[in-house]
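The structure appears right after this line, and notes come after that.
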Amino acid sequence: STGLRGEKDRRQWLMFDGDVDPEWAENLNAVLDDNKLLTLPNGERLAIPPNVRIMFEVDTLKYATLATVSRCGMVWFANDVVLPDMICRHELKKIKHGPPKTSNTDHQAAFGGEDDTAGREDQVRAKCADVLLPHFEEGGCALRLLHLAAEMEHIMTFTTIRALTGLFSMVRKGINMVIEYDEHHEDFPLP
C-alpha cells in the first residue's frame with residue numbers, strides 16, 4: 001500500500017541538526033549501512049524503507065567516530081564560502097515563499113475543503129519578508145549586530161550559523177504572531 005498521500009513513492013528525509021554524539025550515533029551505524037536496520041533498545045529491529053534518506057548537519061565532526069563518518073558522504077563548506085548575507089537571503093526567501101505547496105486536490109483529500117486563509121497568510125508572510133530584507137542585507141542593522149555579537153564573550157562557542165538559526169526562529173515566531181493578529185482583527189487588517 002502506498003498510503004493515503006503516497007508517502008512510499010516520495011523520498012523522505014530525516015534531518016539531524018547538531019553535534020554528532022557518539023552515544024546515539026553508534027546506534028545509527030546499522031541504519032547507515034546498506035542493510036538499513038534500526039535496532040531498538042528492546043532488541044526489536046525496524047527496516048528503514050528505501051525511500052528514506054538521512055542527513056546530518058553539523059558544525060564539527062569532533063565528536064563523531066570513524067565508524068559513523070565512514071558510512072556518510074560529506075559536503076563541507078568553509079566559513080568564507082557561505083556568507084551571512086547569503087544565509088539571511090535564503091531564510092527570508094523560505095519565509096516569503098513558504099514550504100512547497102501540495103496540489104489543491106491533495107489538500108482537499110487530506111484535510112477536507114479549501115483553506116481560504118492560506119492565501120492571506122502567504123500575503124502577510126511575503127510582506128513581512130519584504131519589510132525585513134533591507135535589514136538583513138550586507139550593511140544592514142542585523143548583520144552589523146551579528147558582527148558585534150561575534151566580538152562579545154559567550155558561554156558556548158559562537159558561530160554565525162547558530163546565531164542566525166536562533167534569530168530566524170524568533171523572526172518566524174514574530175511573523176506567526178503577526179498572522180494570528182491579522183486573522184483575529186478583521187476590522188483592522190494589516191495593509
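Each chain of the C-alpha cells is named A, B, ... in the order shown, its residues numbered from 1; ligands are numbered from 1 in display order.
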
Residues near A:Leu148, anyone? I mean within 12 Å using only C-alpha atoms, not counting same-chain ones fewer than 4 positions away, as a list in words. Cys141, Ala142, Leu143, Arg144, Met152, Glu153, Phe158, Thr160 and Ala163 of chain A

Output file for the residues above (N, CA and C atoms, as a PDB file, in the first residue's frame):
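Saved result, result-v4.pdb, follows:
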```pdb
ATOM      1  N   CYS A 141      21.276  46.556   9.573  1.00  0.00           N
ATOM      2  CA  CYS A 141      21.491  46.535  11.023  1.00  0.00           C
ATOM      3  C   CYS A 141      21.639  45.109  11.564  1.00  0.00           C
ATOM      4  N   ALA A 142      20.957  44.133  11.005  1.00  0.00           N
ATOM      5  CA  ALA A 142      21.042  42.764  11.530  1.00  0.00           C
ATOM      6  C   ALA A 142      22.455  42.202  11.398  1.00  0.00           C
ATOM      7  N   LEU A 143      23.088  42.407  10.254  1.00  0.00           N
ATOM      8  CA  LEU A 143      24.442  41.875  10.062  1.00  0.00           C
ATOM      9  C   LEU A 143      25.479  42.675  10.839  1.00  0.00           C
ATOM     10  N   ARG A 144      25.250  43.974  11.024  1.00  0.00           N
ATOM     11  CA  ARG A 144      26.161  44.761  11.867  1.00  0.00           C
ATOM     12  C   ARG A 144      26.081  44.276  13.305  1.00  0.00           C
ATOM     13  N   MET A 152      31.725  39.629  21.256  1.00  0.00           N
ATOM     14  CA  MET A 152      31.438  39.530  22.689  1.00  0.00           C
ATOM     15  C   MET A 152      31.812  38.158  23.227  1.00  0.00           C
ATOM     16  N   GLU A 153      31.908  38.089  24.542  1.00  0.00           N
ATOM     17  CA  GLU A 153      32.206  36.820  25.200  1.00  0.00           C
ATOM     18  C   GLU A 153      30.920  36.001  25.319  1.00  0.00           C
ATOM     19  N   PHE A 158      30.710  30.693  19.849  1.00  0.00           N
ATOM     20  CA  PHE A 158      29.880  31.477  18.943  1.00  0.00           C
ATOM     21  C   PHE A 158      30.119  31.034  17.515  1.00  0.00           C
ATOM     22  N   THR A 160      28.330  31.866  13.550  1.00  0.00           N
ATOM     23  CA  THR A 160      27.384  32.698  12.825  1.00  0.00           C
ATOM     24  C   THR A 160      26.110  31.930  12.517  1.00  0.00           C
ATOM     25  N   ALA A 163      23.903  31.571  15.577  1.00  0.00           N
ATOM     26  CA  ALA A 163      23.257  32.840  15.910  1.00  0.00           C
ATOM     27  C   ALA A 163      22.113  33.143  14.936  1.00  0.00           C
TER      28      ALA A 163
END
```

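Close contacts of A:Thr39, defined as residues with an atom at most 9 Å away when counting only C-alpha atoms, with chain neighbours fewer than 6 positions off set aside, comprise Asn27, Leu28, Ala30, Val31, Arg45, Leu46 and Ala47 of chain A.
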
For the residues in the current selection, export N, CA, C and O atoms as a CSV table (one decimal), in the first residue's frame.
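So the final result, stored in out_36.csv, reads:
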```csv
chain,number,residue,atom,x,y,z
A,27,ASN,N,24.4,3.9,17.5
A,27,ASN,CA,23.2,3.1,17.3
A,27,ASN,C,22.6,3.3,15.9
A,27,ASN,O,21.8,2.5,15.5
A,28,LEU,N,23.0,4.4,15.2
A,28,LEU,CA,22.6,4.6,13.9
A,28,LEU,C,23.5,4.0,12.8
A,28,LEU,O,23.1,3.9,11.7
A,30,ALA,N,24.1,0.9,12.0
A,30,ALA,CA,23.4,-0.1,11.3
A,30,ALA,C,22.4,0.5,10.3
A,30,ALA,O,22.1,-0.1,9.2
A,31,VAL,N,21.8,1.6,10.6
A,31,VAL,CA,20.9,2.3,9.7
A,31,VAL,C,21.6,2.9,8.6
A,31,VAL,O,21.1,2.9,7.4
A,45,ARG,N,14.0,-5.0,15.7
A,45,ARG,CA,14.7,-4.4,14.5
A,45,ARG,C,13.6,-3.8,13.6
A,45,ARG,O,12.7,-4.5,13.2
A,46,LEU,N,13.9,-2.6,13.1
A,46,LEU,CA,13.0,-2.0,12.2
A,46,LEU,C,13.7,-1.7,10.9
A,46,LEU,O,14.8,-1.1,10.9
A,47,ALA,N,13.2,-2.2,9.8
A,47,ALA,CA,13.8,-1.9,8.5
A,47,ALA,C,13.4,-0.5,8.0
A,47,ALA,O,12.2,-0.1,8.1
```

Contact residues around A:Thr159 with only C-alpha atoms at 12 Å, ignoring same-chain residues under 3 positions, as a ChimeraX atom specification: /A:58-60,79,84,146-147,149-152,154-156,162-166

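For stretch 4-120 of chain A, a DSSP pass over the backbone yields strand (DSSP E or B) at Gln12, Trp13, Leu14, Met15, Phe16, Asp17, Leu37, Leu38, Thr39, Arg45, Leu46, Ala47, Val52, Arg53, Ile54, Met55, Phe56 and Glu57 of chain A.
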
Figure out the distance between atom CA of A:Met55 and atom CA of A:Ala78, please, to one decimal in Å.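 Distance between the two atoms: 18.5 Å.
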
List the neighbours of A:Met15 out to 9 Å using only C-alpha atoms; skip same-chain residues closer than 2 positions along the sequence, and give me the result as JSON, numbers by chain. {"A": [13, 17, 53, 54, 55, 56, 57]}

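The shell of residues at most 7 Å from A:Ile179, with only C-alpha atoms counted and near chain neighbours (fewer than 3 positions) removed, consists of Glu121, Val124, Ile175, Asn176, Asp182 and Glu183 of chain A.
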
Please, could you write that set of residues out with C-alpha atoms as a compact mmCIF listing (two decimals), in the first residue's frame?
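Okay, result-v3.txt is ready:
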```
# COMPACT_ATOMS: atom_id res chain seq x y z
CA GLU A 121 -1.25 34.15 5.32
CA VAL A 124 1.28 38.64 5.14
CA ILE A 175 5.66 36.64 11.82
CA ASN A 176 3.29 33.92 13.07
CA ASP A 182 -4.33 39.68 11.27
CA GLU A 183 -6.71 36.69 11.47
```

Rank nothing, just name the residue among A:Glu91, A:Asn42, A:Gly98, A:Leu32 nearest to A:Val69, using only C-alpha atoms.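 Looking only at the distances to A:Val69, the closest residue turns out to be A:Leu32.
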
What does the distance from atom CA of A:Ile87 to atom CA of A:Gly73 come to in Å, to one decimal?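 Separation between atom CA of A:Ile87 and atom CA of A:Gly73: 22.8 Å.
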
Mind checking DSSP for stretch 1-190 of chain A and telling me the helix (DSSP H, G or I) residues as a ChimeraX atom specification? /A:7-9,22-32,66-69,84-97,104-111,117-136,141-151,160-184

For A:Glu7, which of A:Cys128, A:Val52, A:Leu37, A:Ala25 is the closest residue, counting only C-alpha atoms?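 Comparing A:Cys128, A:Val52, A:Leu37, A:Ala25 against A:Glu7, the winner is A:Val52.
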
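Considering only C-alpha atoms, the residue among A:Leu83, A:Ala67, A:Met74, A:Cys88 positioned nearest to A:Gly140 is A:Cys88.
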
Neighbouring residues of A:Ala64 were defined as those with any atom within 7 Å, considering only C-alpha atoms; residues of the same chain fewer than 2 positions away were excluded. Please report them as a ChimeraX atom specification. /A:20-22,61-62,66,68-69

Determine, counting only C-alpha atoms, which protein, DNA and RNA residues have an atom within 10 Å of an atom of A:Leu92; residues of the same chain fewer than 3 positions away are not included. Present the result as a list in words. Met86, Ile87, Cys88, Arg89, Ile95, Lys96, His97, Gly98, Arg125, Ala126, Cys128, Ala129, Asp130, Leu132, Leu133, Phe136, Phe168, Val171 and Arg172 of chain A

In Å, with one decimal, what is the gap from atom CA of A:Glu26 to atom CA of A:Thr65? 8.0 Å
